[in-house]
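Reproduced below: coords_16.cif, with mmCIF, C-alpha atoms.
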```
data_work
#
loop_
_atom_site.label_atom_id
_atom_site.label_comp_id
_atom_site.auth_asym_id
_atom_site.auth_seq_id
_atom_site.Cartn_x
_atom_site.Cartn_y
_atom_site.Cartn_z
CA MET A 15 0.00 0.00 0.00
CA ARG A 16 1.11 3.58 -0.66
CA ILE A 17 -0.26 6.85 0.67
CA ASP A 18 0.74 10.13 -0.93
CA ALA A 19 0.20 12.43 2.02
CA HIS A 20 0.82 15.79 0.34
CA ILE A 21 -0.89 16.60 -2.98
CA HIS A 22 -1.99 20.12 -3.92
CA CYS A 23 -5.26 20.87 -5.66
CA THR A 24 -5.49 23.91 -7.92
CA GLY A 25 -9.21 23.93 -8.63
CA ASP A 26 -8.70 22.63 -12.18
CA GLU A 27 -8.66 18.90 -11.36
CA THR A 28 -11.48 16.38 -11.52
CA ALA A 29 -12.02 13.52 -9.10
CA ASP A 30 -11.82 10.88 -11.82
CA GLY A 31 -8.68 12.45 -13.25
CA VAL A 32 -6.99 12.41 -9.86
CA VAL A 33 -7.79 8.75 -9.32
CA ARG A 34 -6.56 7.82 -12.79
CA ALA A 35 -3.22 9.48 -12.02
CA LEU A 36 -3.01 7.72 -8.66
CA ASP A 37 -3.76 4.37 -10.30
CA ALA A 38 -1.05 4.83 -12.90
CA ALA A 39 1.45 5.82 -10.20
CA ASP A 40 0.45 2.89 -7.94
CA ILE A 41 -0.76 5.19 -5.17
CA ASP A 42 -3.63 3.77 -3.11
CA VAL A 43 -4.67 6.88 -1.16
CA GLY A 44 -4.10 10.52 -2.03
CA VAL A 45 -4.25 13.19 0.66
CA LEU A 46 -5.42 16.32 -1.18
CA LEU A 47 -5.03 19.91 -0.01
CA ALA A 48 -7.66 22.50 -0.86
CA PRO A 49 -6.38 25.02 -3.42
CA PHE A 50 -4.79 28.17 -2.05
CA LEU A 51 -1.89 28.95 -4.39
CA SER A 52 -3.64 29.01 -7.76
CA PRO A 53 -5.53 31.90 -9.40
CA GLY A 54 -8.78 32.67 -7.64
CA TYR A 55 -7.64 31.38 -4.25
CA SER A 56 -5.55 33.08 -1.58
CA LEU A 57 -4.58 32.54 2.03
CA ASP A 58 -5.52 36.18 2.60
CA ASP A 59 -9.06 35.75 1.24
CA ALA A 60 -11.26 33.70 3.58
CA ALA A 61 -14.13 33.59 1.08
CA SER A 62 -11.87 32.04 -1.55
CA LEU A 63 -10.74 29.40 0.95
CA ARG A 64 -14.37 28.52 1.66
CA ARG A 65 -14.85 27.95 -2.08
CA ALA A 66 -11.65 25.92 -2.12
CA ASN A 67 -12.84 23.69 0.71
CA ALA A 68 -16.20 23.16 -1.01
CA HIS A 69 -14.41 22.18 -4.23
CA LEU A 70 -12.23 19.70 -2.36
CA GLY A 71 -15.28 18.26 -0.63
CA ARG A 72 -16.81 17.43 -4.00
CA LEU A 73 -13.62 15.65 -5.06
CA VAL A 74 -13.25 13.45 -2.00
CA ARG A 75 -16.94 12.57 -1.87
CA ALA A 76 -16.68 11.22 -5.41
CA HIS A 77 -14.01 8.70 -4.33
CA PRO A 78 -14.10 8.33 -0.53
CA ASP A 79 -12.17 5.05 -0.77
CA ARG A 80 -9.18 6.75 -2.41
CA LEU A 81 -9.13 10.44 -1.48
CA VAL A 82 -8.70 12.27 1.82
CA GLY A 83 -9.22 16.04 1.96
CA LEU A 84 -7.40 18.63 4.04
CA ALA A 85 -9.15 21.99 4.36
CA VAL A 86 -7.20 25.24 4.26
CA VAL A 87 -8.01 28.14 6.56
CA ASP A 88 -6.24 31.30 7.67
CA PRO A 89 -6.09 30.95 11.47
CA ARG A 90 -5.82 34.73 11.87
CA ASP A 91 -9.37 35.09 10.53
CA ALA A 92 -12.01 35.44 13.24
CA ASP A 93 -14.19 32.81 11.53
CA ALA A 94 -11.39 30.31 10.89
CA ALA A 95 -12.40 27.84 13.60
CA SER A 96 -16.03 27.80 12.42
CA ASP A 97 -14.84 27.49 8.79
CA LEU A 98 -12.82 24.47 9.84
CA ARG A 99 -15.84 22.95 11.52
CA ARG A 100 -17.94 23.49 8.39
CA ALA A 101 -15.22 21.92 6.26
CA ARG A 102 -15.47 18.81 8.41
CA GLU A 103 -19.23 18.66 8.88
CA ASP A 104 -20.50 20.02 5.57
CA HIS A 105 -17.78 18.96 3.14
CA GLY A 106 -16.42 15.79 4.71
CA LEU A 107 -12.83 17.02 4.92
CA ALA A 108 -10.69 15.02 7.30
CA GLY A 109 -7.98 17.46 8.34
CA VAL A 110 -6.42 20.85 7.74
CA LYS A 111 -3.37 22.33 6.03
CA LEU A 112 -1.95 25.46 7.66
CA VAL A 113 0.75 27.71 6.23
CA PRO A 114 2.41 30.17 8.64
CA THR A 115 2.63 33.35 6.60
CA GLY A 116 2.26 36.43 8.76
CA TRP A 117 1.68 34.43 11.95
CA TYR A 118 3.72 32.23 14.24
CA PRO A 119 2.44 28.83 15.42
CA TYR A 120 2.80 29.97 19.02
CA ASP A 121 0.67 33.12 18.60
CA ASP A 122 -2.28 33.22 20.98
CA ALA A 123 -4.53 34.45 18.17
CA VAL A 124 -4.19 31.24 16.14
CA GLN A 125 -4.65 28.73 18.97
CA PRO A 126 -8.46 28.46 18.53
CA VAL A 127 -7.95 26.79 15.14
CA PHE A 128 -5.53 24.23 16.58
CA ALA A 129 -7.90 23.67 19.50
CA GLU A 130 -10.81 23.08 17.11
CA ALA A 131 -8.75 20.68 14.99
CA CYS A 132 -7.91 18.77 18.15
CA ARG A 133 -11.54 18.72 19.27
CA LEU A 134 -12.69 17.44 15.88
CA ASP A 135 -9.86 14.86 15.71
CA MET A 136 -8.59 16.43 12.48
CA PRO A 137 -4.96 15.71 11.57
CA VAL A 138 -2.93 18.82 10.77
CA LEU A 139 -0.33 19.34 8.04
CA CYS A 140 1.82 22.45 8.43
CA HIS A 141 4.33 23.96 6.09
CA SER A 142 7.66 24.01 7.88
CA GLY A 143 10.94 25.29 6.51
CA ILE A 144 11.94 27.69 3.77
CA PHE A 145 9.66 28.66 0.87
CA ILE A 146 11.10 28.00 -2.56
CA ASP A 147 9.04 30.80 -4.12
CA GLY A 148 10.83 33.47 -2.09
CA ARG A 149 8.27 34.18 0.61
CA SER A 150 9.82 34.59 4.03
CA GLY A 151 10.13 31.34 5.95
CA ARG A 152 10.77 33.15 9.22
CA PHE A 153 7.41 32.03 10.63
CA CYS A 154 8.01 28.36 9.85
CA ARG A 155 10.90 27.16 12.01
CA PRO A 156 10.09 23.76 13.53
CA ALA A 157 10.77 24.84 17.14
CA PHE A 158 7.94 27.36 16.85
CA PHE A 159 5.48 24.46 16.54
CA GLU A 160 6.37 23.11 19.98
CA ALA A 161 3.61 25.37 21.34
CA LEU A 162 1.10 22.93 19.82
CA ARG A 163 1.87 20.46 22.59
CA ALA A 164 -0.62 22.60 24.54
CA HIS A 165 -3.30 20.66 22.59
CA PRO A 166 -2.88 17.06 23.80
CA GLY A 167 -3.86 14.53 21.18
CA LEU A 168 -3.34 16.87 18.21
CA ARG A 169 -1.57 14.97 15.40
CA VAL A 170 0.71 17.26 13.41
CA THR A 171 2.85 16.59 10.35
CA LEU A 172 5.58 19.09 9.56
CA ALA A 173 6.20 19.15 5.82
CA HIS A 174 9.49 18.93 3.90
CA LEU A 175 11.40 17.75 6.97
CA SER A 176 11.54 21.49 7.72
CA TRP A 177 14.58 22.06 5.49
CA PRO A 178 16.93 23.87 6.05
CA TRP A 179 16.15 23.46 9.76
CA THR A 180 16.16 19.67 9.61
CA ASP A 181 18.32 19.20 12.70
CA GLU A 182 15.93 21.42 14.64
CA ALA A 183 12.98 19.42 13.28
CA ILE A 184 14.57 16.14 14.34
CA ALA A 185 15.12 17.58 17.82
CA VAL A 186 11.45 18.57 18.03
CA GLY A 187 10.33 15.15 16.83
CA VAL A 188 12.52 13.03 19.06
CA ILE A 189 11.24 14.53 22.33
CA ASP A 190 8.16 12.30 22.49
CA LEU A 191 10.23 9.22 21.67
CA ILE A 192 12.70 10.06 24.43
CA ASN A 193 9.78 10.28 26.83
CA GLY A 194 8.40 6.90 25.83
CA VAL A 195 5.44 8.02 23.71
CA PRO A 196 4.56 5.31 21.14
CA PRO A 197 5.29 6.47 17.57
CA ASP A 198 1.63 6.35 16.54
CA ARG A 199 0.74 8.77 19.36
CA VAL A 200 3.50 11.36 19.03
CA ALA A 201 2.63 15.01 18.52
CA PHE A 202 4.87 15.45 15.46
CA ARG A 203 5.86 13.45 12.43
CA PHE A 204 7.42 14.66 9.17
CA ASP A 205 6.72 14.27 5.49
CA ILE A 206 9.57 13.88 3.06
CA SER A 207 8.01 15.89 0.26
CA PHE A 208 11.40 17.29 -0.47
CA GLY A 209 12.29 20.76 0.61
CA PRO A 210 16.00 19.85 0.51
CA PRO A 211 17.62 20.30 -2.90
CA PRO A 212 18.95 17.04 -4.38
CA PRO A 213 22.51 17.26 -2.95
CA TYR A 214 21.12 17.32 0.61
CA ARG A 215 18.48 14.62 0.37
CA LEU A 216 20.47 11.50 1.16
CA GLU A 217 22.12 12.95 4.25
CA VAL A 218 18.89 14.55 5.49
CA LEU A 219 16.96 11.30 5.18
CA ARG A 220 19.80 9.26 6.67
CA ARG A 221 19.98 11.50 9.73
CA ALA A 222 16.21 11.51 10.22
CA LEU A 223 16.12 7.73 10.01
CA ASP A 224 19.03 7.36 12.44
CA VAL A 225 17.33 9.51 15.09
CA LEU A 226 13.58 9.27 14.49
CA GLY A 227 13.34 5.98 12.64
CA PRO A 228 10.88 5.39 9.81
CA GLU A 229 8.01 5.52 12.32
CA LEU A 230 7.92 9.34 12.16
CA LEU A 231 8.48 9.75 8.39
CA GLN A 232 5.88 9.63 5.62
CA PHE A 233 5.85 9.99 1.86
CA GLY A 234 4.40 13.04 0.14
CA SER A 235 4.92 14.05 -3.46
CA ASP A 236 4.02 17.77 -3.15
CA CYS A 237 2.67 17.55 -6.71
CA PHE A 238 0.20 20.11 -8.05
CA LEU A 239 -2.90 18.74 -9.77
CA PRO A 240 -3.84 18.13 -12.45
CA CYS A 241 -0.55 16.43 -13.21
CA PRO A 242 0.50 13.47 -15.35
CA ALA A 243 1.13 10.19 -13.59
CA ALA A 244 4.76 10.46 -14.71
CA GLU A 245 5.23 13.36 -12.29
CA LEU A 246 3.93 11.32 -9.37
CA ILE A 247 6.12 8.42 -10.46
CA GLU A 248 9.14 10.70 -10.59
CA ARG A 249 8.56 11.83 -7.00
CA ARG A 250 8.21 8.19 -5.96
CA ARG A 251 11.45 7.45 -7.73
CA TRP A 252 13.30 10.12 -5.76
CA VAL A 253 12.37 8.26 -2.58
CA GLU A 254 12.93 4.77 -3.94
CA VAL A 255 16.44 5.63 -5.09
CA LEU A 256 17.26 7.02 -1.64
CA MET A 257 15.78 3.95 0.06
CA ASP A 258 17.95 1.75 -2.12
CA GLU A 259 21.06 3.78 -1.34
CA LEU A 260 20.30 3.47 2.37
CA ALA A 261 19.52 -0.25 2.01
CA LEU A 262 16.27 0.13 3.96
CA GLU A 263 14.57 -3.05 5.10
CA PRO A 264 11.09 -3.79 3.71
CA ALA A 265 9.39 -2.97 7.02
CA ALA A 266 11.01 0.48 7.12
CA ARG A 267 9.96 1.16 3.54
CA GLU A 268 6.38 0.12 4.26
CA ARG A 269 6.26 2.41 7.26
CA ILE A 270 7.35 5.40 5.17
CA TRP A 271 5.06 4.54 2.25
CA TRP A 272 1.93 4.18 4.35
CA GLY A 273 2.27 3.24 8.02
CA THR A 274 3.15 6.66 9.44
CA ALA A 275 0.51 8.45 7.38
CA ALA A 276 -2.11 5.84 8.33
CA ALA A 277 -1.48 6.52 12.02
CA TRP A 278 -1.61 10.27 11.40
CA LEU A 279 -4.92 10.02 9.53
CA GLY A 280 -6.36 7.65 12.13
CA ARG A 281 -10.09 7.04 11.68
CA HIS A 282 -10.04 9.13 8.51
CA LEU A 283 -7.96 6.57 6.59
CA PRO A 284 -10.11 5.08 3.82
CA THR A 285 -10.02 1.41 2.93
CA PRO A 286 -9.21 1.19 -0.77
CA ALA A 287 -10.37 -1.81 -2.75
CA PRO A 288 -7.54 -4.16 -3.79
CA ARG A 289 -5.93 -3.26 -7.12
CA PRO A 290 -3.50 -5.18 -9.31
CA PRO A 291 0.03 -4.12 -8.35
CA ALA A 292 1.77 -1.72 -10.72
CA PRO A 293 5.32 -2.52 -11.85
CA SER A 294 8.06 -1.67 -9.37
CA HIS A 295 10.56 0.98 -10.40
CA THR A 296 13.04 -1.76 -11.31
CA ASP A 297 10.53 -3.13 -13.84
CA TRP A 298 9.62 0.16 -15.50
CA PRO A 299 10.72 0.60 -19.10
CA ALA A 300 13.99 2.40 -19.65
CA ARG A 301 12.20 5.39 -21.12
CA LEU A 302 8.84 6.68 -19.96
CA PRO A 303 6.68 9.12 -21.93
CA VAL A 304 7.12 12.43 -20.13
CA ALA A 305 7.17 16.07 -21.12
CA PRO A 306 10.46 17.09 -22.74
CA SER A 307 13.12 18.61 -20.52
CA ASP A 308 14.35 22.08 -21.39
CA ASP A 309 17.87 20.74 -21.02
CA ASP A 310 17.38 17.64 -23.14
CA PRO A 311 14.16 17.23 -25.18
CA ASP A 312 14.92 13.53 -25.65
CA ALA A 313 15.66 12.74 -22.00
CA SER A 314 13.61 10.03 -20.33
CA LEU A 315 12.21 10.31 -16.83
CA PHE A 316 15.23 8.50 -15.43
CA ASP A 317 17.73 10.63 -17.38
CA ARG A 318 16.36 13.95 -16.23
CA PRO A 319 17.95 15.80 -13.30
CA LEU A 320 16.00 15.73 -10.05
CA ARG A 321 15.07 19.40 -9.99
CA LEU A 322 13.13 21.50 -7.55
CA MET A 323 9.67 22.69 -8.43
CA PRO A 324 8.94 26.43 -8.31
CA ARG A 325 6.43 26.01 -5.49
CA CYS A 326 6.81 24.28 -2.18
CA CYS A 327 4.20 24.52 0.54
#
```
Rewrite the structure of this file - the entire thing - as structure tokens.
Amino acid sequence: MRIDAHIHCTGDETADGVVRALDAADIDVGVLLAPFLSPGYSLDDAASLRRANAHLGRLVRAHPDRLVGLAVVDPRDADAASDLRRAREDHGLAGVKLVPTGWYPYDDAVQPVFAEACRLDMPVLCHSGIFIDGRSGRFCRPAFFEALRAHPGLRVTLAHLSWPWTDEAIAVGVIDLINGVPPDRVAFRFDISFGPPPPYRLEVLRRALDVLGPELLQFGSDCFLPCPAAELIERRRWVEVLMDELALEPAARERIWWGTAAAWLGRHLPTPAPRPPAPSHTDWPARLPVAPSDDDPDASLFDRPLRLMPRCC
């Protein structure tokens, strides 16, 4: 089983199109984020986020066995907690994505949203680390999220392993383990939707595994829909290559592919119907049909450099 725990909606995708892409990429469950970065949607426009959450609700209700939805709200907005409640009750969204831009996770003003997420048993995904698009990441250091321990039972994933503050993120994550909290009940886990540029990835993942173990790490592609299956496959490949280089045991791989995210989602994890397995990356053809690279129009998926995307959130 595989869970992609970090997929962005833009408002242009269809439910059937998303599932077709997941099928082709051998992804069983996609965790979708309501649009907030594409035209017509903005973190600074609460009305647009309500439309975004309604759109996402329609997607996940079309395929509840395959899709999980995370609402987006601006916790500075006075109605954010009630918007989150409506996203859960009216639109069937399981959790919430929060992006600290203009607010710190420890600010008193934003605690009602975290409290409501905890009350509703909604898992939380937070951007943590630098922004590739040039916005200031000063609000997103992992230590700032420690204030969320004031909401016992809240399940938080910090995205991108908080790069470039990965050591700080690991320190935040290991505290519960040091104090004997079982991995499935920790306050913080981390997705490896890569914030680190390619030269850093192996060492970042190695260090996180050495300290946190696979129990606190989960896969996320950070793809923006609608996207071809080849893009999802490429993000999978980044992780598979690193797993091979680190010689990870099958149990550790399974935990990263689905076990950590399943614990984070809890009762919101759907039960997908069995599907025929897709080929493993070692069985894929040498050249996959993908969009041409600017550097080499004839390059296959495996020949292309592992480049950063212009957005990361």
Please list as a PDB file with C-alpha atoms, keeping the file's coordinate frame every residue within 9 Å of Arg220 in chain A, counting only C-alpha atoms and excluding residues in the same chain fewer than 5 positions away.
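What follows is the written file selection-v4.pdb:
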```pdb
ATOM      1  CA  ARG A 215      18.480  14.620   0.370  1.00  0.00           C
ATOM      2  CA  VAL A 225      17.330   9.510  15.090  1.00  0.00           C
ATOM      3  CA  LEU A 256      17.260   7.020  -1.640  1.00  0.00           C
ATOM      4  CA  LEU A 260      20.300   3.470   2.370  1.00  0.00           C
TER       5      LEU A 260
END
```
- prompt: Which residues, protein or nucleic acid, reach to within 8 Å of (-11.7, 21.5, 7.8) in the file's coordinates when using only C-alpha atoms, and can you give that as a list in words?
  reply: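 Output of the proximity query reads Asn67, Leu84, Ala85, Val86, Val87, Asp97, Leu98, Arg99, Arg100, Ala101, Arg102, Leu107, Ala108, Gly109, Val110, Ala131 and Met136 of chain A.
Comparing A:Pro119, A:Pro49, A:Leu112, A:His141 by their smallest distance to Thr24 in chain A, the closest is A:Pro49 (using all atoms listed in the file).
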On this structure, the PyMOL selection byres ((chain A and resi 174-182) around 7) would catch which residues? List them as a list of chain:residue names, sorted by chain and number.
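That expression, the PyMOL selection byres ((chain A and resi 174-182) around 7), corresponds here to A:Ser142, A:Gly143, A:Ile144, A:Arg155, A:Pro156, A:Ala157, A:Leu172, A:Ala173, A:Ala183, A:Ile184, A:Ala185, A:Val186, A:Phe204, A:Asp205, A:Ile206, A:Ser207, A:Phe208, A:Gly209, A:Pro210.
Among the candidates A:Ala35, A:Val124, A:Gly25, A:Phe159, the one nearest to Ser62 in chain A when counting only C-alpha atoms is A:Gly25.
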Inset, instruction - Write out as a list in words the residues lying within 10 Å of Glu27 in chain A, counting all atoms listed in the file and excluding same-chain residues fewer than 6 positions away. - result: His69, Leu70, Leu73, Phe238, Leu239, Pro240 and Cys241 of chain A
Saved selection, atoms kept: C-alpha atoms, as a PDB file, keeping the file's coordinate frame:
```
ATOM      1  CA  HIS A  69     -14.410  22.180  -4.230  1.00  0.00           C
ATOM      2  CA  LEU A  70     -12.230  19.700  -2.360  1.00  0.00           C
ATOM      3  CA  LEU A  73     -13.620  15.650  -5.060  1.00  0.00           C
ATOM      4  CA  PHE A 238       0.200  20.110  -8.050  1.00  0.00           C
ATOM      5  CA  LEU A 239      -2.900  18.740  -9.770  1.00  0.00           C
ATOM      6  CA  PRO A 240      -3.840  18.130 -12.450  1.00  0.00           C
ATOM      7  CA  CYS A 241      -0.550  16.430 -13.210  1.00  0.00           C
TER       8      CYS A 241
END
```
Would you be able to write out as a PyMOL selection string which residues have an atom within 12 Å of (13.6, -1.7, 11.0) in the file's coordinates, counting only C-alpha atoms?
-> chain A and resi 223-224+226-229+261-270
One decimal place gives the CA of Glu245 in chain A-CA of Thr115 in chain A separation as 27.6 Å
Exercise for the section: Rounded to one decimal place, report the CA of Asp104 in chain A-CA of Glu130 in chain A distance in Å. Expected result: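 Those two atoms sit 15.4 Å apart.
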*Name the residues that the PyMOL selection byres ((chain A and resi 285) around 6) picks from the file above, as a PyMOL selection string, using the file's chain letters and numbers.*
chain A and resi 79+284+286
| query | the PyMOL selection byres ((chain A and resi 201) around 10) on the file shown: which residues, as JSON, numbers by chain? | reply | {"A": [160, 162, 163, 165, 166, 167, 168, 169, 170, 171, 186, 187, 189, 190, 195, 197, 198, 199, 200, 202, 203, 278]}
note - CA of Glu103 in chain A and CA of Asp88 in chain A are separated by 18.2 Å
Exercise. Can you list, as number ranges by chain, every protein, DNA or RNA residue that comes within 8 Å of Val43 in chain A when you count all atoms listed in the file, leaving out same-chain residues fewer than 4 positions away?
Worked result: A: 16-18, 36, 79-82, 284, 286
Ile247 in chain A proximity check over A:Ile21, A:Val138, A:Ala39, A:Ala68, using only C-alpha atoms: winner is A:Ala39
Complete the atoms of range 202-212 of chain A to all heavy atoms and put them out as a PDB file, in the frame of the given file.
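What landed in out20.pdb:
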```pdb
ATOM      1  N   PHE A 202       4.315  15.011  16.740  1.00  0.00           N
ATOM      2  CA  PHE A 202       4.870  15.450  15.460  1.00  0.00           C
ATOM      3  C   PHE A 202       5.457  14.282  14.685  1.00  0.00           C
ATOM      4  O   PHE A 202       6.148  13.427  15.230  1.00  0.00           O
ATOM      5  CB  PHE A 202       5.971  16.492  15.681  1.00  0.00           C
ATOM      6  CG  PHE A 202       5.508  17.730  16.375  1.00  0.00           C
ATOM      7  CD1 PHE A 202       5.778  17.931  17.717  1.00  0.00           C
ATOM      8  CD2 PHE A 202       4.769  18.693  15.696  1.00  0.00           C
ATOM      9  CE1 PHE A 202       5.333  19.071  18.378  1.00  0.00           C
ATOM     10  CE2 PHE A 202       4.324  19.839  16.343  1.00  0.00           C
ATOM     11  CZ  PHE A 202       4.605  20.031  17.693  1.00  0.00           C
ATOM     12  N   ARG A 203       5.155  14.283  13.392  1.00  0.00           N
ATOM     13  CA  ARG A 203       5.860  13.450  12.430  1.00  0.00           C
ATOM     14  C   ARG A 203       6.159  14.338  11.232  1.00  0.00           C
ATOM     15  O   ARG A 203       5.744  15.499  11.172  1.00  0.00           O
ATOM     16  CB  ARG A 203       5.082  12.187  12.038  1.00  0.00           C
ATOM     17  CG  ARG A 203       3.888  12.403  11.148  1.00  0.00           C
ATOM     18  CD  ARG A 203       2.661  12.828  11.862  1.00  0.00           C
ATOM     19  NE  ARG A 203       2.260  11.861  12.873  1.00  0.00           N
ATOM     20  CZ  ARG A 203       1.824  12.190  14.075  1.00  0.00           C
ATOM     21  NH1 ARG A 203       1.694  13.474  14.406  1.00  0.00           N
ATOM     22  NH2 ARG A 203       1.458  11.285  14.954  1.00  0.00           N
ATOM     23  N   PHE A 204       6.870  13.813  10.221  1.00  0.00           N
ATOM     24  CA  PHE A 204       7.420  14.660   9.170  1.00  0.00           C
ATOM     25  C   PHE A 204       7.205  14.022   7.812  1.00  0.00           C
ATOM     26  O   PHE A 204       7.418  12.814   7.654  1.00  0.00           O
ATOM     27  CB  PHE A 204       8.926  14.889   9.399  1.00  0.00           C
ATOM     28  CG  PHE A 204       9.205  15.430  10.769  1.00  0.00           C
ATOM     29  CD1 PHE A 204       9.388  14.577  11.846  1.00  0.00           C
ATOM     30  CD2 PHE A 204       9.229  16.797  10.989  1.00  0.00           C
ATOM     31  CE1 PHE A 204       9.608  15.067  13.121  1.00  0.00           C
ATOM     32  CE2 PHE A 204       9.445  17.304  12.266  1.00  0.00           C
ATOM     33  CZ  PHE A 204       9.634  16.435  13.337  1.00  0.00           C
ATOM     34  N   ASP A 205       6.770  14.837   6.844  1.00  0.00           N
ATOM     35  CA  ASP A 205       6.720  14.270   5.490  1.00  0.00           C
ATOM     36  C   ASP A 205       8.015  14.596   4.762  1.00  0.00           C
ATOM     37  O   ASP A 205       8.724  15.547   5.090  1.00  0.00           O
ATOM     38  CB  ASP A 205       5.446  14.669   4.746  1.00  0.00           C
ATOM     39  CG  ASP A 205       5.454  16.025   4.061  1.00  0.00           C
ATOM     40  OD1 ASP A 205       6.529  16.535   3.717  1.00  0.00           O
ATOM     41  OD2 ASP A 205       4.355  16.578   3.844  1.00  0.00           O
ATOM     42  N   ILE A 206       8.325  13.730   3.818  1.00  0.00           N
ATOM     43  CA  ILE A 206       9.570  13.880   3.060  1.00  0.00           C
ATOM     44  C   ILE A 206       9.263  14.335   1.637  1.00  0.00           C
ATOM     45  O   ILE A 206       9.940  13.939   0.694  1.00  0.00           O
ATOM     46  CB  ILE A 206      10.425  12.607   3.096  1.00  0.00           C
ATOM     47  CG1 ILE A 206       9.641  11.382   2.612  1.00  0.00           C
ATOM     48  CG2 ILE A 206      10.925  12.353   4.513  1.00  0.00           C
ATOM     49  CD1 ILE A 206      10.505  10.138   2.473  1.00  0.00           C
ATOM     50  N   SER A 207       8.204  15.164   1.515  1.00  0.00           N
ATOM     51  CA  SER A 207       8.010  15.890   0.260  1.00  0.00           C
ATOM     52  C   SER A 207       9.151  16.901   0.226  1.00  0.00           C
ATOM     53  O   SER A 207       9.229  17.783   1.058  1.00  0.00           O
ATOM     54  CB  SER A 207       6.654  16.593   0.244  1.00  0.00           C
ATOM     55  OG  SER A 207       6.513  17.482   1.331  1.00  0.00           O
ATOM     56  N   PHE A 208      10.064  16.748  -0.684  1.00  0.00           N
ATOM     57  CA  PHE A 208      11.400  17.290  -0.470  1.00  0.00           C
ATOM     58  C   PHE A 208      11.466  18.793  -0.585  1.00  0.00           C
ATOM     59  O   PHE A 208      11.237  19.380  -1.626  1.00  0.00           O
ATOM     60  CB  PHE A 208      12.392  16.629  -1.409  1.00  0.00           C
ATOM     61  CG  PHE A 208      12.785  15.275  -0.925  1.00  0.00           C
ATOM     62  CD1 PHE A 208      12.369  14.143  -1.577  1.00  0.00           C
ATOM     63  CD2 PHE A 208      13.519  15.147   0.232  1.00  0.00           C
ATOM     64  CE1 PHE A 208      12.706  12.887  -1.109  1.00  0.00           C
ATOM     65  CE2 PHE A 208      13.858  13.894   0.718  1.00  0.00           C
ATOM     66  CZ  PHE A 208      13.457  12.754   0.036  1.00  0.00           C
ATOM     67  N   GLY A 209      11.799  19.402   0.567  1.00  0.00           N
ATOM     68  CA  GLY A 209      12.290  20.760   0.610  1.00  0.00           C
ATOM     69  C   GLY A 209      13.775  20.779   0.285  1.00  0.00           C
ATOM     70  O   GLY A 209      14.235  21.654  -0.443  1.00  0.00           O
ATOM     71  N   PRO A 210      14.564  19.812   0.798  1.00  0.00           N
ATOM     72  CA  PRO A 210      16.000  19.850   0.510  1.00  0.00           C
ATOM     73  C   PRO A 210      16.287  19.701  -0.980  1.00  0.00           C
ATOM     74  O   PRO A 210      15.720  18.831  -1.642  1.00  0.00           O
ATOM     75  CB  PRO A 210      16.541  18.632   1.271  1.00  0.00           C
ATOM     76  CG  PRO A 210      15.526  18.325   2.298  1.00  0.00           C
ATOM     77  CD  PRO A 210      14.207  18.733   1.715  1.00  0.00           C
ATOM     78  N   PRO A 211      17.174  20.529  -1.525  1.00  0.00           N
ATOM     79  CA  PRO A 211      17.620  20.300  -2.900  1.00  0.00           C
ATOM     80  C   PRO A 211      18.329  18.943  -3.011  1.00  0.00           C
ATOM     81  O   PRO A 211      18.775  18.381  -1.999  1.00  0.00           O
ATOM     82  CB  PRO A 211      18.606  21.459  -3.149  1.00  0.00           C
ATOM     83  CG  PRO A 211      18.246  22.491  -2.135  1.00  0.00           C
ATOM     84  CD  PRO A 211      17.753  21.739  -0.942  1.00  0.00           C
ATOM     85  N   PRO A 212      18.427  18.399  -4.211  1.00  0.00           N
ATOM     86  CA  PRO A 212      18.950  17.040  -4.380  1.00  0.00           C
ATOM     87  C   PRO A 212      20.260  16.745  -3.652  1.00  0.00           C
ATOM     88  O   PRO A 212      20.383  15.660  -3.058  1.00  0.00           O
ATOM     89  CB  PRO A 212      19.091  16.905  -5.900  1.00  0.00           C
ATOM     90  CG  PRO A 212      18.001  17.773  -6.432  1.00  0.00           C
ATOM     91  CD  PRO A 212      17.926  18.947  -5.496  1.00  0.00           C
TER      92      PRO A 212
END
```
